[in-house]
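See below for the structure under consideration.
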Amino acid sequence: MDTEGTHDARNTRSDQVPRPAAPPDVPPRPSAAPHFAAPTAAAGRAAGSETRPGDAPQSPFMAWLSAPRVLAGPGVWAFEHKPRPKEEPQEIAVPQLIAGAVISFLCAWLIWSLLMNDYLGPYWKWPREVMLPDAWKTGNANIISSFIYMALVLGAIVVVFGRVGRWPTLFRRMLAPAANRVWDRLPAWLAPKEPAALPGGQLFARAAVTLLLVWLLWQWCIDKTTDSSLLMLQLEHLTPVSGEAASYFYYATSFSLIDLGLLLAVFSRFACLPELRRRYGSPSRRGTSDAKKTADPTARVLQVDQAEWAALRAAGAPGAADRLAHEARSGLMNDVDHARISRAWQSVRAQPSRLQAFVDSVRDHGAAACLHPSGARDLTTRTAPHDLLTSQVRIGTAAEDARNPYERRGTGCALEPEVLGTSLLAVGPPGCGKTTRLVRPLVESLCLQALAGRAAVVSLGTAASAPAPEDAFDAVVRIGHRDAECDLDLYGGTTDPDEAAGMLAEALVGDVAATLPGGDVRRAATVLGQLLGPFQVAHGRFPRVTELRELLDGAREAMAGLRATLEAAGEHGALRELDARERQAERPGDAGVLLADRIALLDRPAFAGFFDPTGRARQVSLRALDHPLRVRIDLPERGHAEAARILARLVLAQFTECAVARSDRSVFACLVLDDASHVITQEALRGLQRLRSANAGAVLTLRSLDDVPDALRGTLLGAVGCRMAFAGVTTWDGARFAEVWGKAWVETRDVTDRQIVSDEPFTKVMHSIRRLVTGKNVTAKAVTVRTVERERWSASDLANSVPPGHAVLSVTSVAGEHAPPVLVDLRS
């Protein structure tokens, strides 16, 4: 099975777009792994990844596949995401931490000294006396049990006062950074920065040597004959103890254990003990640690089959699973191959009859099985980080801004079909980065997903602002270029004249529908239907642009020829439509005159040979959106601005109609319209709202909301689920965004200074001296904390506080989950 038609692109014409490529006899070498997926420490510490002693380092693909992915909500980059708490923790000042640690240490030291000198009485030894049998209270057993009991008491005191004094926090804030800096300056052979890259044999050898060294140093430290205990030299005379036995227990349980703890803390990193625990610890503990890392209740870890293809094995195809697992580990598979084969396996599970064909394809071609009809397995260039396991593309990082929620600060921001299905509107002036930092990564991601059989993308713009090179698409339509290989179907590939008339009327007069007699495009669609229907009956096709213009103008020769053909064929129903059109053409204010003027914009010498419905040219039809199609349409430039707007409205109308009318909606369809100026109409907004339930979406960019009729601006912002305001928007546009984003409850602090007036002579003198020294009156501050409702982003903030290269983004998923607006740094 190559594709079994599952991933083939088809068209209503004889030759398909894209041209199917025959499966290669020898699987081609895959392209390089994603540039962001190089083996890193985080990837090596991925949840569920297993590395055994002697294993070779993971390939870039396996490192990418085994990296943890935390699904923390819409718009959050899941690749190696680390959830943060919802509220910002109150950071304690360093002097306060030091004071608390010193006081708690002195208290712990005092209590331990009182216990060892029997100032607190024998009551603290009562649990040991009760629990131990009488046989253990004499001889060596008594000494050992006393040593263990005192060690437990000392540990409890350290734990309690360590928590009270915040010793771990002080260590992380002051000692850990200094220790890391010293450690990083050591030679690479002595302290490798990536223990995860070491084979298991070296890890065990380092651990054994380190533990032996620690044991020798500890024995030297506790050797009382040489008086060499590290802490004993400093502390043995500071706490007096009475009695030989008390002195023995005191030093044995305090100084010796502290010496051992310090040695283990110093040498634990060299011994790579955390890495050994991660690799060879129990699975239950690993799962517990992973669960603690993702303590956020809204986040969940994406469970990924680590290239073992367990579902394929369970279905009775172990040979195919072994072949795919071998190519994954040996570097012959890339992320697009994995996503494509996973998609093909999903179709096999939906139709089990395809299992044998799928297994045969995997056996013959390995990672190159189930190829896209174009034969491509990757794009030649990638300009943004992509993660095909979650179908996400990273567009930036949430800024460390006080207006961003704390849990989102510093996290990656990404877009995926789940949020693009609600459509996206981006507004910003020229040069703000809409094309380079938004449209280009999105088109790349959709093209990669199309190669994986998951998406169909139509990119609409000008040749100067092309978001991706030509080799990233299956078909490139250059309207107005003589050397263009593909043509655009003016009627959307439909055979229904009423449907074709509706789409064409929306393109021709959708922007001026309010000036028509009926107030909408229905009158224009009726006029076109009265001509397209009879012409199709007479000639078996729809008219060319020149023929349609003549019919709309009411040319006698064109109308007479069409009537004669219908009379010869005996099509009386079509003749009645033609008679009605002739009668209406005689009425004042007929829509046919406006339609003829508009269609004349497409009947220009620059467009000669285009929009030919006779089948002589290879036309691209959006009826193939249920297959992974990659199409780029370049609109005409310089001198044909109005024609470009008509074509943009035509493509948008065809896309919304064809995406909803698809029989198979498993493929996500997306239209990326760069510069949607004068394209948004009332019918277009209705079509955008229907895309959400059809597994489709649209991405629209605007220079300003002024390019949209005033009556439709609020409706447009309400019809899309994802909104993006770039740096440089005007306050008028910012007011619209601020209104649609709404308000939120925030806590405010009002500080009021009140002058202190005293009647006592001594206080007056002190206040006078203070006023002479500081130059200010003596005041008292009153702080009032209130919870008020304020705009998330005001119009002034959007217009003046968004830095260059940034944008404010809010997303909504198809399921209804939404995220508040976040300031995103698009340069990171």
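Chain labels run A, B, ... following the order of the structure tokens; each chain numbers its residues from 1, and ligands are numbered from 1 in the order shown.
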Open item on the list: Residues near region 124-131 of chain A, anyone? I mean within 12 Å using only C-alpha atoms, not counting same-chain ones fewer than 5 positions away, as a PyMOL selection string.
Closed with: chain A and resi 111-112+114-119+136-138+142+145-150+152-154
Step one, run DSSP on the backbone; step two, keep only residues of region 697-813 of chain A assigned to strand (DSSP E); then write them as a PDB file with C-alpha atoms, in the first residue's frame.
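Printed below is states39.pdb as written:
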```
ATOM      1  CA  GLY A 697      -9.805  27.586   9.743  1.00  0.00           C
ATOM      2  CA  ALA A 698      -8.457  30.763   8.214  1.00  0.00           C
ATOM      3  CA  VAL A 699      -5.560  33.068   9.081  1.00  0.00           C
ATOM      4  CA  LEU A 700      -6.161  36.694   8.124  1.00  0.00           C
ATOM      5  CA  THR A 701      -3.745  39.615   8.423  1.00  0.00           C
ATOM      6  CA  LEU A 702      -4.662  43.291   8.231  1.00  0.00           C
ATOM      7  CA  CYS A 722      -7.601  33.898  17.989  1.00  0.00           C
ATOM      8  CA  ARG A 723      -6.688  37.574  17.943  1.00  0.00           C
ATOM      9  CA  MET A 724      -3.268  39.134  17.592  1.00  0.00           C
ATOM     10  CA  ALA A 725      -2.337  42.808  17.917  1.00  0.00           C
ATOM     11  CA  PHE A 726       1.192  43.669  16.763  1.00  0.00           C
ATOM     12  CA  LYS A 743     -11.860  43.079  31.834  1.00  0.00           C
ATOM     13  CA  ALA A 744     -10.372  41.163  34.758  1.00  0.00           C
ATOM     14  CA  TRP A 745     -10.330  41.548  38.537  1.00  0.00           C
ATOM     15  CA  VAL A 746      -6.999  42.874  39.779  1.00  0.00           C
ATOM     16  CA  GLU A 747      -5.673  43.867  43.189  1.00  0.00           C
ATOM     17  CA  THR A 748      -4.587  47.496  43.549  1.00  0.00           C
ATOM     18  CA  ARG A 749      -2.676  49.232  46.326  1.00  0.00           C
ATOM     19  CA  ASP A 750      -3.346  52.903  47.035  1.00  0.00           C
ATOM     20  CA  VAL A 751      -0.718  54.670  49.179  1.00  0.00           C
ATOM     21  CA  THR A 752      -1.717  57.906  50.885  1.00  0.00           C
ATOM     22  CA  ASP A 753       0.744  60.233  52.666  1.00  0.00           C
ATOM     23  CA  ARG A 754      -0.727  62.121  55.622  1.00  0.00           C
ATOM     24  CA  GLN A 755       1.261  64.865  57.353  1.00  0.00           C
ATOM     25  CA  THR A 779       4.224  62.009  57.003  1.00  0.00           C
ATOM     26  CA  ALA A 780       2.548  58.679  57.689  1.00  0.00           C
ATOM     27  CA  LYS A 781       1.683  56.328  54.886  1.00  0.00           C
ATOM     28  CA  ALA A 782      -1.695  54.617  54.681  1.00  0.00           C
ATOM     29  CA  VAL A 783      -1.991  51.632  52.311  1.00  0.00           C
ATOM     30  CA  THR A 784      -5.393  50.626  50.943  1.00  0.00           C
ATOM     31  CA  VAL A 785      -5.723  47.316  49.095  1.00  0.00           C
ATOM     32  CA  ARG A 786      -8.744  46.933  46.805  1.00  0.00           C
ATOM     33  CA  THR A 787      -9.942  44.527  44.137  1.00  0.00           C
ATOM     34  CA  VAL A 788     -11.173  46.364  41.061  1.00  0.00           C
ATOM     35  CA  GLU A 789     -12.179  45.392  37.528  1.00  0.00           C
ATOM     36  CA  ARG A 790      -9.916  46.738  34.819  1.00  0.00           C
ATOM     37  CA  GLU A 791      -9.204  46.081  31.150  1.00  0.00           C
ATOM     38  CA  HIS A 806       6.228  41.819  20.132  1.00  0.00           C
ATOM     39  CA  ALA A 807       2.514  41.173  19.835  1.00  0.00           C
ATOM     40  CA  VAL A 808      -0.401  40.532  22.161  1.00  0.00           C
ATOM     41  CA  LEU A 809      -2.007  37.166  21.418  1.00  0.00           C
ATOM     42  CA  SER A 810      -5.155  35.484  22.708  1.00  0.00           C
ATOM     43  CA  VAL A 811      -6.225  32.025  21.546  1.00  0.00           C
ATOM     44  CA  THR A 812      -9.325  29.856  21.797  1.00  0.00           C
TER      45      THR A 812
END
```
Open item on the list: Need to verify the contact set: His481 (chain A), 12 Å, only C-alpha atoms, exclusion of same-chain residues closer than 6 positions in sequence. Can you return it as a list in words?
Closed with: Ala463, Asp487, Pro605, Ala606, Phe607, Ala608, Gly609, Phe610, Ile633, Asp634, Leu635, Pro636 and Glu637 of chain A
- [ ] Within region 554-731 of chain A, find each residue whose DSSP state, derived from the backbone, is helix (DSSP H, G or I), and express the selection as a ChimeraX atom specification.
- [x] /A:556-569,572-585,591-599,605-607,622-624,641-660,682-694,705-707,710-719,731
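Near Tyr491 (chain A), within 9 Å and counting only C-alpha atoms, sit Leu488, Asp489, Gly493, Thr494, Thr495, Pro497, Glu499, Ala500, Ala501, Met503, Leu504, Phe542, Phe611, Pro613, Ser621, Leu650 and Gln654 of chain A; same-chain residues fewer than 2 positions away were not included.
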Selected residues, N, CA and C atoms, written as a compact mmCIF listing (two decimals), in the first residue's frame, please.
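That gives us out_17.txt:
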```txt
# COMPACT_ATOMS: atom_id res chain seq x y z
N LEU A 488 -6.27 28.88 -11.96
CA LEU A 488 -7.27 28.88 -10.89
C LEU A 488 -8.65 28.67 -11.48
N ASP A 489 -9.40 27.77 -10.89
CA ASP A 489 -10.77 27.51 -11.34
C ASP A 489 -11.66 28.63 -10.83
N GLY A 493 -14.63 24.48 -8.99
CA GLY A 493 -14.73 23.05 -9.27
C GLY A 493 -16.12 22.49 -9.11
N THR A 494 -17.12 23.32 -8.97
CA THR A 494 -18.48 22.83 -8.81
C THR A 494 -19.16 22.68 -10.16
N THR A 495 -20.17 21.84 -10.21
CA THR A 495 -21.00 21.68 -11.41
C THR A 495 -22.39 22.24 -11.20
N PRO A 497 -24.71 25.34 -11.02
CA PRO A 497 -24.64 26.75 -11.42
C PRO A 497 -25.03 27.71 -10.32
N GLU A 499 -24.53 27.31 -7.05
CA GLU A 499 -23.40 27.41 -6.13
C GLU A 499 -22.27 28.22 -6.74
N ALA A 500 -21.97 28.00 -8.01
CA ALA A 500 -20.93 28.78 -8.68
C ALA A 500 -21.31 30.25 -8.74
N ALA A 501 -22.59 30.54 -8.98
CA ALA A 501 -23.05 31.92 -9.05
C ALA A 501 -22.92 32.61 -7.70
N MET A 503 -20.71 31.96 -5.23
CA MET A 503 -19.31 32.26 -4.93
C MET A 503 -18.78 33.38 -5.81
N LEU A 504 -19.14 33.37 -7.07
CA LEU A 504 -18.65 34.42 -7.97
C LEU A 504 -19.27 35.77 -7.64
N PHE A 542 -18.97 25.93 -17.93
CA PHE A 542 -19.27 27.31 -17.59
C PHE A 542 -18.53 28.25 -18.56
N PHE A 611 -8.18 31.36 -16.02
CA PHE A 611 -9.59 31.07 -15.68
C PHE A 611 -10.29 30.37 -16.84
N PRO A 613 -12.17 27.42 -18.34
CA PRO A 613 -12.91 26.24 -17.88
C PRO A 613 -12.99 25.13 -18.92
N SER A 621 -8.36 23.29 -8.07
CA SER A 621 -9.70 23.40 -7.52
C SER A 621 -9.65 23.14 -6.02
N LEU A 650 -12.77 35.80 -3.97
CA LEU A 650 -13.20 34.58 -4.63
C LEU A 650 -12.61 33.34 -3.96
N GLN A 654 -14.67 30.47 -2.05
CA GLN A 654 -14.55 29.07 -2.44
C GLN A 654 -14.06 28.20 -1.29
```
- [ ] Using only C-alpha atoms, find the one residue out of A:Leu213, A:Ala696, A:Leu389, A:Met174 that sits nearest to Phe79 (chain A).
- [x] A:Leu389
Task: Residues near region 107-109 of chain A, cut-off 10 Å, only C-alpha atoms, skip fewer than 3 positions along chain, as a ChimeraX atom specification - done: /A:101-104,112-115,154,157-162,239
Write the selection just made, keeping N, CA and C atoms, as a PDB file, in the first residue's frame?
```pdb
ATOM      1  N   ALA A 101      17.987  31.764  59.069  1.00  0.00           N
ATOM      2  CA  ALA A 101      18.798  30.544  59.100  1.00  0.00           C
ATOM      3  C   ALA A 101      19.722  30.529  60.315  1.00  0.00           C
ATOM      4  N   VAL A 102      20.337  31.685  60.624  1.00  0.00           N
ATOM      5  CA  VAL A 102      21.253  31.745  61.771  1.00  0.00           C
ATOM      6  C   VAL A 102      20.493  31.518  63.076  1.00  0.00           C
ATOM      7  N   ILE A 103      19.336  32.160  63.214  1.00  0.00           N
ATOM      8  CA  ILE A 103      18.560  32.012  64.451  1.00  0.00           C
ATOM      9  C   ILE A 103      18.074  30.580  64.626  1.00  0.00           C
ATOM     10  N   SER A 104      17.576  29.977  63.552  1.00  0.00           N
ATOM     11  CA  SER A 104      17.100  28.597  63.660  1.00  0.00           C
ATOM     12  C   SER A 104      18.246  27.633  63.944  1.00  0.00           C
ATOM     13  N   TRP A 112      19.854  20.730  71.087  1.00  0.00           N
ATOM     14  CA  TRP A 112      20.687  19.521  71.051  1.00  0.00           C
ATOM     15  C   TRP A 112      21.690  19.516  72.211  1.00  0.00           C
ATOM     16  N   SER A 113      22.252  20.682  72.540  1.00  0.00           N
ATOM     17  CA  SER A 113      23.181  20.752  73.665  1.00  0.00           C
ATOM     18  C   SER A 113      22.477  20.472  74.989  1.00  0.00           C
ATOM     19  N   LEU A 114      21.254  21.017  75.137  1.00  0.00           N
ATOM     20  CA  LEU A 114      20.493  20.754  76.350  1.00  0.00           C
ATOM     21  C   LEU A 114      20.152  19.278  76.483  1.00  0.00           C
ATOM     22  N   LEU A 115      19.833  18.637  75.350  1.00  0.00           N
ATOM     23  CA  LEU A 115      19.522  17.210  75.411  1.00  0.00           C
ATOM     24  C   LEU A 115      20.748  16.403  75.785  1.00  0.00           C
ATOM     25  N   LEU A 154      18.515  13.823  66.289  1.00  0.00           N
ATOM     26  CA  LEU A 154      19.250  14.900  65.617  1.00  0.00           C
ATOM     27  C   LEU A 154      18.670  15.170  64.233  1.00  0.00           C
ATOM     28  N   ILE A 157      15.503  17.159  64.620  1.00  0.00           N
ATOM     29  CA  ILE A 157      15.772  18.560  64.950  1.00  0.00           C
ATOM     30  C   ILE A 157      16.239  19.321  63.711  1.00  0.00           C
ATOM     31  N   VAL A 158      17.111  18.716  62.911  1.00  0.00           N
ATOM     32  CA  VAL A 158      17.616  19.383  61.703  1.00  0.00           C
ATOM     33  C   VAL A 158      16.487  19.633  60.715  1.00  0.00           C
ATOM     34  N   VAL A 159      15.607  18.649  60.525  1.00  0.00           N
ATOM     35  CA  VAL A 159      14.502  18.808  59.584  1.00  0.00           C
ATOM     36  C   VAL A 159      13.554  19.906  60.035  1.00  0.00           C
ATOM     37  N   VAL A 160      13.182  19.896  61.305  1.00  0.00           N
ATOM     38  CA  VAL A 160      12.221  20.879  61.803  1.00  0.00           C
ATOM     39  C   VAL A 160      12.791  22.292  61.713  1.00  0.00           C
ATOM     40  N   PHE A 161      13.992  22.494  62.255  1.00  0.00           N
ATOM     41  CA  PHE A 161      14.556  23.843  62.256  1.00  0.00           C
ATOM     42  C   PHE A 161      15.060  24.233  60.863  1.00  0.00           C
ATOM     43  N   GLY A 162      15.369  23.239  60.016  1.00  0.00           N
ATOM     44  CA  GLY A 162      15.706  23.572  58.640  1.00  0.00           C
ATOM     45  C   GLY A 162      14.522  24.137  57.886  1.00  0.00           C
ATOM     46  N   THR A 239      30.485  23.794  72.743  1.00  0.00           N
ATOM     47  CA  THR A 239      29.343  23.237  73.459  1.00  0.00           C
ATOM     48  C   THR A 239      29.861  22.276  74.523  1.00  0.00           C
TER      49      THR A 239
END
```
Which residues are close to Val76 (chain A), i.e. within 10 Å by only C-alpha atoms, leaving aside same-chain residues fewer than 4 positions away? Reply as a short mmCIF file (atom, residue, chain, number, x, y, z; two decimals) with C-alpha atoms, in the first residue's frame.
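File around34.cif, as written:
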```cif
data_model
loop_
_atom_site.label_atom_id
_atom_site.label_comp_id
_atom_site.auth_asym_id
_atom_site.auth_seq_id
_atom_site.Cartn_x
_atom_site.Cartn_y
_atom_site.Cartn_z
CA VAL A 70 3.33 18.79 28.80
CA LEU A 71 -0.06 19.87 27.48
CA ALA A 72 -0.74 22.95 29.60
CA HIS A 81 7.37 22.66 28.88
CA GLN A 392 2.54 22.83 17.03
CA ARG A 394 6.52 27.92 18.08
CA THR A 397 8.03 33.37 24.08
CA ALA A 398 5.72 34.99 26.59
CA ARG A 408 2.71 32.05 31.30
CA THR A 411 6.90 29.90 28.43
CA GLY A 412 6.81 29.22 24.71
CA CYS A 413 3.83 30.34 22.64
CA ALA A 414 2.66 28.07 19.84
CA LEU A 415 -0.16 27.62 17.37
CA GLU A 416 -1.76 24.36 16.27
CA VAL A 811 -6.22 32.02 21.55
CA ALA A 819 -6.34 31.69 27.17
#
```
Task: Polymer residues at most 8 Å from region 559-566 of chain A, only C-alpha atoms, same-chain spacing of 6 or more positions, as a PyMOL selection string - done: chain A and resi 534-535+537-538+551+572+574-575+578
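Of the residues under consideration (A:Glu657, A:Glu577, A:Asp707, A:Glu308), A:Glu657 shows the shortest atom-to-atom contact distance to Glu506 (chain A) when counting only C-alpha atoms.
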